[in-house]
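Data from entry.txt: compact mmCIF, C-alpha atoms and all ligand atoms
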```txt
# COMPACT_ATOMS: atom_id res chain seq x y z
CA VAL I 7 49.69 -73.24 -184.97
CA ALA I 8 46.05 -73.64 -185.96
CA VAL I 9 44.38 -70.70 -187.64
CA SER I 10 41.78 -70.59 -184.88
CA GLU I 11 44.56 -70.10 -182.34
CA VAL I 12 46.14 -67.14 -184.09
CA ARG I 13 42.86 -65.34 -184.71
CA GLY I 14 42.46 -62.55 -182.22
CA GLN I 15 46.10 -62.62 -181.24
CA ASP I 16 48.63 -59.99 -182.02
CA PRO I 17 50.61 -61.47 -184.93
CA ASP I 18 53.06 -58.62 -185.37
CA GLY I 19 53.29 -57.05 -181.97
CA ARG I 20 50.82 -54.38 -182.98
CA PRO I 21 49.35 -52.55 -180.01
CA GLY I 22 45.66 -52.46 -179.22
CA THR I 23 44.86 -55.68 -181.02
CA GLU I 24 42.29 -56.68 -178.42
CA ARG I 25 39.98 -54.03 -179.90
CA LEU I 26 40.45 -55.03 -183.52
CA SER I 27 37.37 -55.75 -185.58
CA GLN I 28 36.87 -59.24 -186.99
CA ARG I 29 37.60 -57.72 -190.40
CA ALA I 30 40.96 -56.36 -189.26
CA ARG I 31 41.88 -59.66 -187.63
CA ARG I 32 41.03 -61.54 -190.80
CA VAL I 33 43.05 -59.24 -193.03
CA GLY I 34 46.09 -59.11 -190.75
CA ALA I 35 49.07 -56.84 -191.24
CA ALA I 36 50.54 -55.70 -194.54
CA TYR I 37 53.53 -57.59 -195.95
CA ALA I 38 56.66 -57.35 -193.81
CA GLY I 39 58.41 -60.55 -194.89
CA PRO I 40 61.61 -61.24 -196.81
CA GLY I 41 62.67 -58.29 -198.89
CA SER I 42 60.49 -55.77 -197.13
CA GLY I 43 63.64 -54.42 -195.50
CA ALA I 44 62.52 -55.50 -192.04
CA ASP I 45 64.90 -58.45 -191.94
CA VAL I 46 68.12 -56.81 -193.16
CA PRO I 47 70.47 -56.24 -190.22
CA ALA I 48 71.77 -52.65 -190.09
CA GLY I 49 75.23 -52.25 -191.55
CA GLU I 50 74.98 -55.16 -194.00
CA ASP I 51 74.99 -54.64 -197.75
CA PRO I 52 71.39 -54.61 -198.88
CA PRO I 53 70.49 -57.67 -200.96
CA ILE I 54 69.56 -57.41 -204.62
CA GLY I 55 65.82 -57.31 -204.29
CA PHE I 56 63.41 -58.97 -206.74
CA VAL I 57 60.61 -58.27 -204.32
CA ALA I 58 58.73 -55.10 -205.08
CA GLY I 59 56.41 -54.88 -208.10
CA LEU I 60 57.31 -51.23 -208.54
CA PRO I 61 58.08 -49.22 -211.67
CA ASP I 62 61.75 -48.65 -212.46
CA PRO I 63 62.75 -45.25 -211.00
CA ALA I 64 64.58 -44.67 -214.30
CA VAL I 65 61.23 -44.31 -216.09
CA LEU I 66 59.32 -42.26 -213.52
CA PRO I 67 58.62 -39.02 -215.44
CA ALA I 68 59.47 -36.57 -212.67
CA GLY I 69 60.12 -33.64 -215.00
CA GLU I 70 56.87 -33.99 -216.93
CA LEU I 71 54.92 -34.39 -213.68
CA THR I 72 56.55 -31.31 -212.17
CA ALA I 73 55.58 -29.25 -215.20
CA ALA I 74 52.04 -30.64 -215.29
CA PHE I 75 51.42 -29.95 -211.60
CA ALA I 76 52.80 -26.41 -211.94
CA LYS I 77 50.63 -25.68 -214.96
CA VAL I 78 47.48 -27.03 -213.30
CA LEU I 79 48.11 -25.06 -210.12
CA ALA I 80 48.66 -21.91 -212.13
CA THR I 81 45.71 -22.21 -214.48
CA ASP I 82 43.06 -24.38 -212.73
CA THR I 83 43.83 -23.22 -209.22
CA ASP I 84 40.37 -23.33 -207.74
CA PRO I 85 39.01 -26.61 -209.17
CA ALA I 86 42.35 -28.32 -208.56
CA LEU I 87 42.37 -27.36 -204.90
CA GLN I 88 38.69 -27.87 -204.02
CA TYR I 89 36.76 -31.12 -203.66
CA GLY I 90 36.27 -32.68 -207.05
CA GLY I 91 33.36 -35.07 -206.57
CA ALA I 92 33.25 -38.84 -206.20
CA GLN I 93 33.37 -39.85 -209.87
CA GLY I 94 36.34 -37.72 -210.82
CA HIS I 95 37.53 -35.19 -213.40
CA PRO I 96 35.46 -35.52 -216.62
CA ALA I 97 38.37 -34.70 -218.94
CA LEU I 98 40.46 -37.59 -217.63
CA ARG I 99 37.49 -39.97 -217.75
CA GLU I 100 36.91 -38.85 -221.33
CA TRP I 101 40.53 -39.65 -222.22
CA LEU I 102 40.22 -43.08 -220.58
CA ALA I 103 37.09 -43.81 -222.59
CA VAL I 104 38.79 -42.97 -225.89
CA HIS I 105 42.04 -44.68 -224.92
CA TRP I 106 40.42 -48.00 -223.94
CA ALA I 107 37.97 -48.00 -226.83
CA ALA I 108 41.00 -47.78 -229.13
CA ILE I 109 42.78 -50.63 -227.31
CA ASP I 110 40.05 -53.25 -227.31
CA GLY I 111 36.86 -51.75 -228.60
CA ALA I 112 35.24 -51.59 -225.17
CA PRO I 113 32.14 -49.39 -225.32
CA GLY I 114 33.58 -45.96 -224.65
CA SER I 115 31.91 -43.34 -222.53
CA ALA I 116 33.30 -41.12 -219.79
CA ALA I 117 30.16 -41.82 -217.75
CA ARG I 118 31.28 -45.43 -217.32
CA PHE I 119 34.57 -44.49 -215.65
CA THR I 120 35.18 -43.64 -212.01
CA LEU I 121 38.55 -42.39 -210.75
CA THR I 122 39.78 -44.14 -207.62
CA ASN I 123 42.64 -44.30 -205.14
CA GLY I 124 44.56 -46.71 -207.33
CA ALA I 125 43.19 -50.01 -208.58
CA ALA I 126 43.30 -50.98 -204.90
CA GLY I 127 40.76 -48.26 -204.13
CA ALA I 128 38.61 -49.40 -207.05
CA LEU I 129 38.49 -52.94 -205.68
CA ALA I 130 37.69 -51.67 -202.18
CA ASN I 131 34.83 -49.60 -203.62
CA ILE I 132 33.53 -52.65 -205.50
CA ALA I 133 33.76 -54.80 -202.35
CA ASP I 134 31.91 -52.16 -200.33
CA THR I 135 29.22 -51.98 -202.96
CA PHE I 136 28.65 -55.65 -203.79
CA LEU I 137 29.88 -57.94 -201.00
CA ASP I 138 28.23 -58.97 -197.75
CA PRO I 139 29.94 -61.07 -195.06
CA GLY I 140 29.74 -64.71 -196.11
CA ASP I 141 29.44 -64.05 -199.83
CA VAL I 142 31.68 -66.31 -201.89
CA VAL I 143 34.42 -64.73 -203.99
CA VAL I 144 36.45 -66.85 -206.42
CA VAL I 145 40.06 -65.87 -207.17
CA GLU I 146 43.01 -67.47 -208.94
CA GLU I 147 44.84 -69.84 -206.57
CA PHE I 148 47.81 -67.48 -206.66
CA SER I 149 46.70 -63.87 -206.72
CA PHE I 150 47.86 -60.39 -205.79
CA SER I 151 48.01 -60.42 -201.99
CA GLY I 152 46.82 -56.81 -201.67
CA SER I 153 43.63 -57.62 -203.57
CA VAL I 154 43.09 -60.75 -201.52
CA ARG I 155 43.36 -58.67 -198.34
CA THR I 156 40.76 -56.24 -199.72
CA LEU I 157 38.40 -59.12 -200.48
CA LEU I 158 39.05 -60.74 -197.10
CA GLN I 159 38.03 -57.52 -195.42
CA ALA I 160 34.60 -57.81 -197.03
CA THR I 161 34.04 -61.54 -196.73
CA PRO I 162 35.86 -64.45 -195.12
CA ARG I 163 34.79 -66.85 -197.86
CA ILE I 164 37.33 -67.11 -200.67
CA GLU I 165 37.46 -70.04 -203.09
CA THR I 166 40.22 -70.61 -205.61
CA VAL I 167 40.72 -72.01 -209.10
CA PRO I 168 44.04 -73.29 -210.45
CA VAL I 169 45.99 -71.15 -212.90
CA ASP I 170 48.42 -72.34 -215.58
CA ARG I 171 50.33 -70.59 -218.36
CA ASP I 172 47.03 -69.82 -220.15
CA GLY I 173 45.40 -68.31 -217.09
CA LEU I 174 42.69 -69.71 -214.86
CA ASP I 175 41.46 -73.22 -215.61
CA PRO I 176 37.91 -72.93 -217.01
CA ASP I 177 37.06 -76.60 -216.30
CA ALA I 178 37.96 -76.13 -212.66
CA LEU I 179 35.93 -72.92 -212.61
CA ALA I 180 32.92 -74.74 -214.08
CA ASP I 181 33.18 -77.46 -211.41
CA LEU I 182 33.57 -74.95 -208.61
CA LEU I 183 30.66 -72.76 -209.73
CA ASP I 184 28.43 -75.86 -210.04
CA ARG I 185 29.45 -77.11 -206.60
CA LEU I 186 28.86 -73.72 -204.99
CA ALA I 187 25.45 -73.38 -206.64
CA ALA I 188 24.46 -76.91 -205.57
CA ALA I 189 25.45 -76.09 -201.98
CA GLY I 190 23.19 -73.02 -202.01
CA THR I 191 26.15 -70.61 -201.84
CA PRO I 192 26.58 -69.45 -205.44
CA ALA I 193 29.71 -67.44 -206.20
CA LYS I 194 28.87 -63.76 -206.00
CA MET I 195 32.07 -62.57 -207.65
CA LEU I 196 35.08 -63.73 -209.65
CA TYR I 197 38.17 -61.55 -209.18
CA THR I 198 40.67 -62.25 -211.96
CA ILE I 199 43.87 -60.69 -213.32
CA PRO I 200 43.71 -61.97 -216.91
CA ALA I 201 46.69 -60.15 -218.42
CA TYR I 202 50.24 -60.72 -217.07
CA GLN I 203 48.84 -61.93 -213.83
CA ASN I 204 50.43 -60.99 -210.53
CA PRO I 205 52.20 -63.20 -209.48
CA THR I 206 52.31 -65.89 -212.22
CA GLY I 207 52.62 -63.67 -215.30
CA ALA I 208 49.95 -65.82 -217.01
CA THR I 209 47.55 -64.37 -219.58
CA LEU I 210 44.07 -65.82 -220.01
CA ALA I 211 43.82 -67.37 -223.49
CA ALA I 212 41.17 -66.00 -225.87
CA ASP I 213 39.06 -69.18 -225.94
CA ARG I 214 39.14 -69.43 -222.16
CA ARG I 215 37.85 -65.86 -221.94
CA ARG I 216 34.67 -66.79 -223.79
CA THR I 217 34.15 -69.81 -221.50
CA VAL I 218 34.71 -67.77 -218.35
CA LEU I 219 32.18 -65.18 -219.51
CA ASP I 220 29.57 -67.84 -220.34
CA LEU I 221 30.05 -69.65 -217.02
CA CYS I 222 29.80 -66.49 -214.94
CA ALA I 223 26.76 -65.27 -216.88
CA ARG I 224 25.03 -68.61 -216.29
CA HIS I 225 25.73 -68.50 -212.55
CA GLY I 226 25.04 -64.80 -212.07
CA THR I 227 28.63 -64.29 -210.92
CA LEU I 228 29.93 -60.75 -211.26
CA ILE I 229 33.39 -60.60 -212.86
CA VAL I 230 35.95 -58.10 -211.60
CA GLU I 231 38.74 -57.89 -214.17
CA ASP I 232 41.98 -56.31 -212.92
CA GLU I 233 44.00 -54.97 -215.85
CA ALA I 234 46.81 -53.38 -213.86
CA TYR I 235 49.52 -54.69 -216.25
CA ARG I 236 47.59 -54.98 -219.50
CA GLU I 237 49.35 -52.14 -221.29
CA VAL I 238 52.82 -53.43 -220.40
CA TRP I 239 52.99 -56.10 -223.10
CA PHE I 240 56.16 -57.33 -224.81
CA GLY I 241 55.81 -58.01 -228.50
CA THR I 242 52.20 -59.17 -228.72
CA GLU I 243 49.08 -57.56 -227.29
CA PRO I 244 46.89 -59.64 -224.99
CA PRO I 245 43.45 -60.77 -226.25
CA PRO I 246 40.53 -58.35 -225.85
CA SER I 247 39.41 -57.85 -222.27
CA LEU I 248 36.51 -59.72 -220.69
CA TYR I 249 34.89 -56.31 -220.30
CA ALA I 250 35.10 -55.57 -224.02
CA MET I 251 33.97 -59.07 -225.02
CA ALA I 252 30.90 -58.77 -222.80
CA GLY I 253 30.14 -55.22 -223.92
CA GLY I 254 30.40 -54.31 -220.25
CA ALA I 255 27.59 -56.63 -219.14
CA GLY I 256 28.38 -58.48 -215.92
CA VAL I 257 32.01 -57.32 -215.86
CA ILE I 258 33.67 -54.50 -213.94
CA ARG I 259 37.13 -53.59 -215.17
CA ILE I 260 39.70 -51.90 -212.93
CA GLY I 261 42.99 -50.33 -213.91
CA THR I 262 45.65 -47.95 -212.71
CA PHE I 263 48.16 -45.24 -213.56
CA SER I 264 50.57 -46.88 -211.08
CA LYS I 265 52.35 -49.07 -213.64
CA ILE I 266 52.28 -46.68 -216.62
CA LEU I 267 52.98 -43.43 -214.74
CA ALA I 268 53.69 -43.58 -211.00
CA PRO I 269 52.16 -45.40 -208.01
CA GLY I 270 52.72 -42.35 -205.82
CA LEU I 271 49.93 -40.57 -207.68
CA ARG I 272 47.51 -43.11 -206.18
CA LEU I 273 45.27 -42.87 -209.21
CA GLY I 274 43.31 -45.75 -210.66
CA TRP I 275 39.95 -46.28 -212.31
CA CYS I 276 36.98 -48.48 -212.68
CA GLN I 277 34.93 -49.06 -215.84
CA ALA I 278 31.45 -50.50 -215.57
CA ALA I 279 27.92 -50.39 -216.96
CA ASP I 280 25.96 -47.22 -216.13
CA ASP I 281 23.86 -48.72 -213.31
CA VAL I 282 26.91 -50.36 -211.71
CA THR I 283 28.87 -47.11 -211.96
CA GLY I 284 25.98 -45.28 -210.31
CA ALA I 285 26.01 -47.76 -207.42
CA LEU I 286 29.80 -47.54 -207.06
CA VAL I 287 29.77 -43.73 -206.97
CA ALA I 288 26.85 -43.66 -204.52
CA THR I 289 28.74 -45.98 -202.14
CA ARG I 290 31.91 -43.87 -202.04
CA THR I 291 32.77 -42.40 -198.64
CA ASP I 292 36.16 -40.87 -199.46
CA MET I 293 34.93 -37.68 -201.18
CA GLY I 294 36.76 -38.69 -204.36
CA THR I 295 40.49 -38.71 -205.06
CA SER I 296 42.72 -35.65 -205.46
CA PRO I 297 41.49 -33.24 -208.17
CA LEU I 298 45.01 -31.83 -208.37
CA VAL I 299 46.45 -35.23 -209.27
CA GLN I 300 43.59 -36.01 -211.66
CA ARG I 301 44.09 -32.73 -213.50
CA ALA I 302 47.86 -33.12 -213.73
CA VAL I 303 47.43 -36.60 -215.20
CA ALA I 304 44.71 -35.35 -217.55
CA ARG I 305 47.24 -32.82 -218.81
CA LEU I 306 49.84 -35.50 -219.50
CA ALA I 307 47.15 -37.46 -221.30
CA ARG I 308 45.83 -34.53 -223.34
CA THR I 309 49.27 -33.35 -224.44
CA GLY I 310 50.08 -36.79 -225.85
CA PHE I 311 52.82 -37.55 -223.32
CA LEU I 312 51.15 -40.75 -222.09
CA ASP I 313 50.58 -42.06 -225.60
CA ALA I 314 54.32 -41.78 -226.23
CA HIS I 315 55.41 -42.91 -222.76
CA ILE I 316 53.51 -46.23 -222.65
CA PRO I 317 55.22 -47.75 -225.74
CA ARG I 318 58.60 -46.67 -224.32
CA LEU I 319 57.77 -48.54 -221.10
CA ARG I 320 56.95 -51.68 -223.07
CA GLY I 321 60.42 -51.66 -224.59
CA HIS I 322 62.05 -50.86 -221.27
CA TYR I 323 60.42 -53.70 -219.33
CA ALA I 324 60.70 -56.14 -222.24
CA ALA I 325 64.48 -55.61 -222.14
CA LYS I 326 64.56 -56.20 -218.38
CA SER I 327 62.47 -59.34 -218.75
CA ALA I 328 64.78 -60.68 -221.46
CA HIS I 329 67.76 -59.96 -219.22
CA VAL I 330 66.21 -61.97 -216.37
CA VAL I 331 65.28 -64.86 -218.66
CA ARG I 332 68.86 -65.03 -219.98
CA GLY I 333 70.13 -65.10 -216.40
CA LEU I 334 67.68 -67.81 -215.41
CA ALA I 335 68.75 -69.97 -218.35
CA ALA I 336 72.41 -69.49 -217.46
CA HIS I 337 72.21 -69.98 -213.69
CA CYS I 338 68.93 -71.56 -212.59
CA ALA I 339 67.99 -74.09 -215.26
CA PRO I 340 68.79 -77.26 -213.32
CA TYR I 341 66.89 -76.18 -210.26
CA ALA I 342 63.69 -74.51 -211.44
CA THR I 343 61.36 -73.98 -214.37
CA TRP I 344 59.71 -70.76 -215.49
CA GLN I 345 57.69 -69.31 -218.30
CA GLU I 346 59.03 -66.37 -220.27
CA PRO I 347 56.94 -63.31 -219.28
CA GLY I 348 54.79 -61.95 -222.12
CA GLY I 349 54.36 -58.68 -220.26
CA GLY I 350 54.09 -57.20 -216.80
CA PHE I 351 56.62 -57.02 -214.00
CA PHE I 352 57.10 -60.64 -212.86
CA ALA I 353 58.73 -63.99 -213.53
CA TRP I 354 57.23 -66.98 -211.69
CA LEU I 355 59.51 -69.89 -210.87
CA THR I 356 58.64 -73.44 -209.86
CA LEU I 357 61.33 -75.22 -207.89
CA ALA I 358 62.50 -78.63 -209.01
CA ALA I 359 61.16 -81.47 -206.87
CA GLY I 360 63.36 -81.98 -203.83
CA THR I 361 64.51 -78.38 -203.47
CA ASP I 362 63.54 -77.29 -200.00
CA PRO I 363 61.95 -73.79 -200.08
CA LEU I 364 63.06 -73.05 -196.52
CA ALA I 365 66.66 -74.01 -197.31
CA LEU I 366 66.43 -71.77 -200.37
CA ALA I 367 65.20 -68.83 -198.29
CA GLU I 368 68.17 -69.24 -195.95
CA ALA I 369 70.70 -69.65 -198.78
CA ALA I 370 69.26 -66.63 -200.62
CA ARG I 371 69.63 -64.52 -197.50
CA GLU I 372 73.29 -65.51 -197.28
CA GLU I 373 73.90 -64.97 -201.01
CA GLY I 374 72.29 -61.53 -200.86
CA VAL I 375 69.21 -61.84 -203.05
CA THR I 376 65.51 -61.58 -202.20
CA TYR I 377 62.28 -62.71 -203.85
CA VAL I 378 58.75 -63.36 -202.63
CA SER I 379 57.76 -66.91 -201.74
CA GLY I 380 54.73 -68.27 -203.57
CA ASN I 381 52.84 -68.83 -200.35
CA VAL I 382 52.46 -65.05 -199.98
CA PHE I 383 50.13 -65.21 -202.98
CA ALA I 384 48.32 -68.45 -202.09
CA ALA I 385 44.81 -67.16 -201.68
CA GLY I 386 42.94 -70.22 -200.46
CA GLY I 387 42.60 -72.53 -197.50
CA ASP I 388 44.19 -71.55 -194.22
CA ALA I 389 46.20 -68.86 -195.97
CA GLY I 390 43.00 -67.20 -197.12
CA ALA I 391 41.60 -67.30 -193.61
CA THR I 392 44.28 -65.01 -192.25
CA SER I 393 47.23 -63.31 -193.85
CA PHE I 394 49.32 -64.00 -190.75
CA ARG I 395 50.52 -67.33 -192.04
CA ARG I 396 51.26 -66.11 -195.53
CA TRP I 397 54.10 -63.71 -195.04
CA GLY I 398 56.88 -66.12 -194.01
CA PRO I 399 59.09 -68.11 -196.42
CA GLY I 400 56.69 -71.07 -196.10
CA ASP I 401 56.94 -74.30 -198.02
CA SER I 402 55.65 -73.21 -201.44
CA PRO I 403 57.55 -74.63 -204.42
CA HIS I 404 57.00 -71.31 -206.25
CA LEU I 405 58.65 -67.95 -206.08
CA ARG I 406 58.02 -64.60 -207.75
CA LEU I 407 60.81 -62.47 -209.15
CA ALA I 408 59.78 -58.86 -209.71
CA PHE I 409 62.28 -57.55 -212.27
CA SER I 410 60.68 -54.16 -212.90
CA HIS I 411 62.46 -52.28 -210.13
CA VAL I 412 65.92 -53.90 -210.26
CA PRO I 413 68.58 -51.66 -211.84
CA ASP I 414 69.77 -53.07 -215.17
CA ASP I 415 73.33 -53.48 -213.92
CA GLU I 416 72.18 -55.62 -210.96
CA ILE I 417 69.93 -58.07 -212.76
CA SER I 418 72.66 -60.48 -213.91
CA GLU I 419 74.35 -60.52 -210.52
CA GLY I 420 70.99 -60.95 -208.75
CA VAL I 421 70.01 -63.94 -210.86
CA ARG I 422 73.51 -65.39 -210.48
CA ARG I 423 73.10 -65.18 -206.69
CA LEU I 424 69.69 -66.82 -206.94
CA GLY I 425 71.25 -69.64 -208.97
CA ALA I 426 73.94 -70.06 -206.29
CA ALA I 427 71.25 -70.18 -203.58
CA LEU I 428 69.24 -72.71 -205.59
CA ALA I 429 72.32 -74.90 -206.05
CA ARG I 430 72.95 -74.87 -202.30
CA ALA I 431 69.30 -75.59 -201.47
CA ALA I 432 69.24 -78.46 -204.01
CA GLY I 433 72.34 -79.91 -202.38
CA GLN I 434 70.58 -80.04 -199.02
CA ARG I 435 67.69 -82.20 -200.05
C1 LIG I 501 47.20 -56.98 -209.98
C2 LIG I 501 47.30 -55.71 -209.20
N1 LIG I 501 46.18 -55.02 -208.97
C3 LIG I 501 46.21 -53.86 -208.29
C4 LIG I 501 47.38 -53.35 -207.79
C5 LIG I 501 47.33 -52.09 -206.98
O1 LIG I 501 47.61 -51.03 -207.80
P1 LIG I 501 47.32 -49.53 -207.39
O2 LIG I 501 48.64 -48.92 -207.11
O3 LIG I 501 46.68 -48.95 -208.58
O4 LIG I 501 46.42 -49.53 -206.21
C6 LIG I 501 48.57 -54.04 -207.99
C7 LIG I 501 49.84 -53.52 -207.44
O5 LIG I 501 50.85 -54.14 -207.42
C8 LIG I 501 48.52 -55.26 -208.72
O6 LIG I 501 49.62 -55.98 -208.92
```

So that I can check it, write out the structure of this file as C-alpha cells.
Amino acid sequence: VAVSEVRGQDPDGRPGTERLSQRARRVGAAYAGPGSGADVPAGEDPPIGFVAGLPDPAVLPAGELTAAFAKVLATDTDPALQYGGAQGHPALREWLAVHWAAIDGAPGSAARFTLTNGAAGALANIADTFLDPGDVVVVEEFSFSGSVRTLLQATPRIETVPVDRDGLDPDALADLLDRLAAAGTPAKMLYTIPAYQNPTGATLAADRRRTVLDLCARHGTLIVEDEAYREVWFGTEPPPSLYAMAGGAGVIRIGTFSKILAPGLRLGWCQAADDVTGALVATRTDMGTSPLVQRAVARLARTGFLDAHIPRLRGHYAAKSAHVVRGLAAHCAPYATWQEPGGGFFAWLTLAAGTDPLALAEAAREEGVTYVSGNVFAAGGDAGATSFRRWGPGDSPHLRLAFSHVPDDEISEGVRRLGAALARAAGQR
C-alpha cells in the first residue's frame, strides 16, 4: 500500500478520522504492535516481553516517594497545590544545575533549566518553539519512535544519518548537511541520543562529538541532545555531553527522571542557553508541570536519596545486561550479532543474512517471547512519512531487546525462547 493511499485513512479503526489534522494523520497512532498486549489472545500465558523500555518495578522507590509526597503536602501545602509557573520549582532546577555540572562540567545555573512533562514534553516544547512545517530535522536512522512522532507532528521533513557502534556517522552527517544546504533547505535541527541510544545502545565516540559540533555550528543547525539514559552507565562513564563541550552554545540538552526514578512522575527537563530557555518558557501552553511532583522529587534530591539511588541502578541494570548477553551467547550466537550494551536499557540485534524477520516474528509468538522489530525505529523514508507502516513486524533485519523491565528469573528463559525462535526462522530460509 503506498503511503499516499494510507494518508487520511483510518489506520487503526479510530473513530472520527475524517476530521483529523494533517499533523495527526502524519503522526498516526501510538505503538500497538507486538508486545503491546494487543495481540495476546485472552487465556494464553503472557509471553516473556523484551518490549517495554521501562524501569524494573523492583527498583521503583515507592516507599521513599510516599514519604516525600506526604512531607511536601504537609509542609508546602499551598505552593505544592497551586500553579507553579512554566519554568518549574527553583530548588529542583538548582539541584539539576549542581548535579550536571558535577557530571560533565556543563555550565551550571538553575536559570538554564526548565522542568517539563518528561523528556517527551521537553522535545515537544522545543519543536513548538523552533520548528515550522517543512523545516528539515536530521535524526539517527534508528531512533526513539516517540521522539520521531513528536518531530513528525511539527514537520513532515525528516532526514536520517546511519548509526554504528560509535554513534552517528559524522562523514554521512557532513554529506547530508552539505547536500541540504546546496538544495536551499539547510537542516534546522539535529535530534540525537548520544549516550546508550534508544534503540541501538550506541554511544557517540568523543572524537565524533567534536566533529558533530563543528559541522552543526558551520551549518547553523541546532542540536537537541537527548540524555535520557546517560546516567545509567555500566562500568565506564560516557564522554562529556555535546552540551558541555559547546558550553551550551547551539545545543539544547533534554533529560528525564523517568529512568532514574519513575516514568509515572512525568518529570523531565531541558537545559539551554539563557535566550533559548526564555523562548522555550515563553512558548509553553501547559501552565507548567505538577508543583507537587516537582517538590517531592526536589526533596528526594535534597536529602541525598537520588545520589545514592542512581549508582544502585547502574549496578542493577548492568547485572541484567550481563545476564542477557550471557543468554545471547549461549542461545542466539549462530543466528544474530549484537554489541554488549555499555549502559541503558536495550540490546540491539542484527539477524544473520537469510533469517526471515517475518518468520521470526511468527516463531517468537509461538515460543512465547516478544521484542520490538527494528522497523518500528526506522525514522526515514516511507516510515518517517507516517507511523502507520512502522508498527508491524516488517522486514527489518534488526530487533531491540529491552531488558530493563524483565524479571531476573525470566531473562534466561526469555533469551532461550528467542534462540529457539531464531533457529526455527533460520531453518525456513
Ligand atoms: C531516548 C528517549 N527519550 C525520551 C524518552 C521519553 O522519556 P520521558 O518519560 O521522560 O518522556 C524515552 C522513553 O523511552 C527515550 O527512550

Quiz item: Contacts of I:Pro363 at 10 Å or less, counting all atoms listed in the file, minus same-chain residues fewer than 6 places along, as JSON, numbers by chain?
Solution: {"I": [357, 369, 379, 380, 399, 400, 401, 402, 403, 404, 405, 428, 431, 432]}

How about saving the chosen residues, C-alpha atoms kept, as an mmCIF file, in the frame of the given file?
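Below you can see selection-v8.cif, which holds the result:
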```
data_model
loop_
_atom_site.group_PDB
_atom_site.id
_atom_site.type_symbol
_atom_site.label_atom_id
_atom_site.label_comp_id
_atom_site.auth_asym_id
_atom_site.auth_seq_id
_atom_site.Cartn_x
_atom_site.Cartn_y
_atom_site.Cartn_z
ATOM 1 C CA LEU I 357 61.330 -75.220 -207.890
ATOM 2 C CA ALA I 369 70.700 -69.650 -198.780
ATOM 3 C CA SER I 379 57.760 -66.910 -201.740
ATOM 4 C CA GLY I 380 54.730 -68.270 -203.570
ATOM 5 C CA PRO I 399 59.090 -68.110 -196.420
ATOM 6 C CA GLY I 400 56.690 -71.070 -196.100
ATOM 7 C CA ASP I 401 56.940 -74.300 -198.020
ATOM 8 C CA SER I 402 55.650 -73.210 -201.440
ATOM 9 C CA PRO I 403 57.550 -74.630 -204.420
ATOM 10 C CA HIS I 404 57.000 -71.310 -206.250
ATOM 11 C CA LEU I 405 58.650 -67.950 -206.080
ATOM 12 C CA LEU I 428 69.240 -72.710 -205.590
ATOM 13 C CA ALA I 431 69.300 -75.590 -201.470
ATOM 14 C CA ALA I 432 69.240 -78.460 -204.010
#
```

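Shortest atom-to-atom contact with I:Leu312 among I:Ile266, I:Val331, I:Arg32, I:Arg118: I:Ile266, counting only C-alpha atoms.
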
Quiz item: Excluding same-chain residues fewer than 3 positions from I:Leu228, what lies within 10 Å of it counting all atoms listed in the file, as a PyMOL selection string?
Solution: chain I and resi 136+143+193-197+219+222-223+225+231+255-258

Quiz item: Which residues sit within 9 Å of ligand LIG 501 (chain I), counting only C-alpha atoms and all ligand atoms, listed as an MDAnalysis selection string?
Solution: chainID I and resid 58:60 122:129 149:153 198:199 202:205 232:235 260:265 268:275 351

Practice problem: Could you pull out every residue with an atom within 10 Å of (72.7, -65.9, -208.1), file coordinates, counting all atoms listed in the file, and send them as a ChimeraX atom specification? | Solution: /I:54,333-334,337-338,370,373-375,417-429

Practice problem: Have a look at I:Leu267, I:Ala107, I:Ala365, I:Val238 and name the one nearest to I:Pro63; count all atoms listed in the file. | Solution: I:Leu267

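When atom CA of I:Asp414 is paired with atom CA of I:Arg318, their separation reads 15.8 Å.
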
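Counting from atom CA of I:Phe409, the distance to atom CA of I:Ala385 is 22.6 Å.
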
Show me, as a PDB file with C-alpha atoms, keeping the file's coordinate frame, the residues that have an atom within 10 Å of I:Arg171 when counting all atoms listed in the file, minus same-chain residues fewer than 6 positions from it.
```pdb
ATOM      1  CA  TYR I 202      50.240 -60.720-217.070  1.00  0.00           C
ATOM      2  CA  GLN I 203      48.840 -61.930-213.830  1.00  0.00           C
ATOM      3  CA  THR I 206      52.310 -65.890-212.220  1.00  0.00           C
ATOM      4  CA  GLY I 207      52.620 -63.670-215.300  1.00  0.00           C
ATOM      5  CA  ALA I 208      49.950 -65.820-217.010  1.00  0.00           C
ATOM      6  CA  THR I 209      47.550 -64.370-219.580  1.00  0.00           C
ATOM      7  CA  LEU I 210      44.070 -65.820-220.010  1.00  0.00           C
ATOM      8  CA  ALA I 211      43.820 -67.370-223.490  1.00  0.00           C
ATOM      9  CA  TRP I 344      59.710 -70.760-215.490  1.00  0.00           C
ATOM     10  CA  GLN I 345      57.690 -69.310-218.300  1.00  0.00           C
ATOM     11  CA  GLU I 346      59.030 -66.370-220.270  1.00  0.00           C
ATOM     12  CA  PRO I 347      56.940 -63.310-219.280  1.00  0.00           C
TER      13      PRO I 347
END
```

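Minimum distance to I:Gln93 across I:Asp51, I:Asp134, I:Asp292, I:Asp172 (counting all atoms listed in the file) occurs at I:Asp292.
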
Quiz prompt | Proximity to I:Val167 - best of I:Glu368, I:Val218, I:Gly111, I:Ala189, all atoms listed in the file | solution = I:Val218

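Counting from atom CA of I:Glu416, the distance to atom CA of I:Ala367 is 19.6 Å.
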
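For the set I:Ile316, I:Cys276, I:Met251, I:Leu71, the residue with the smallest atom-to-atom gap to I:Ala112 is I:Met251, counting only C-alpha atoms.
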
Box for stretch 373-386 of chain I - axis-aligned, 4 Å on each of the six sides, all listed atoms - centre and size in Å to one decimal, as AutoDock Vina command-line options.
```
--center_x 58.4 --center_y -65.9 --center_z -201.9 --size_x 39.0 --size_y 16.7 --size_z 11.9
```

Practice problem: Using only C-alpha atoms, find the one residue out of I:Leu221, I:Ala116, I:Ala92, I:Ala353 that sits nearest to I:Thr295. | Solution: I:Ala92
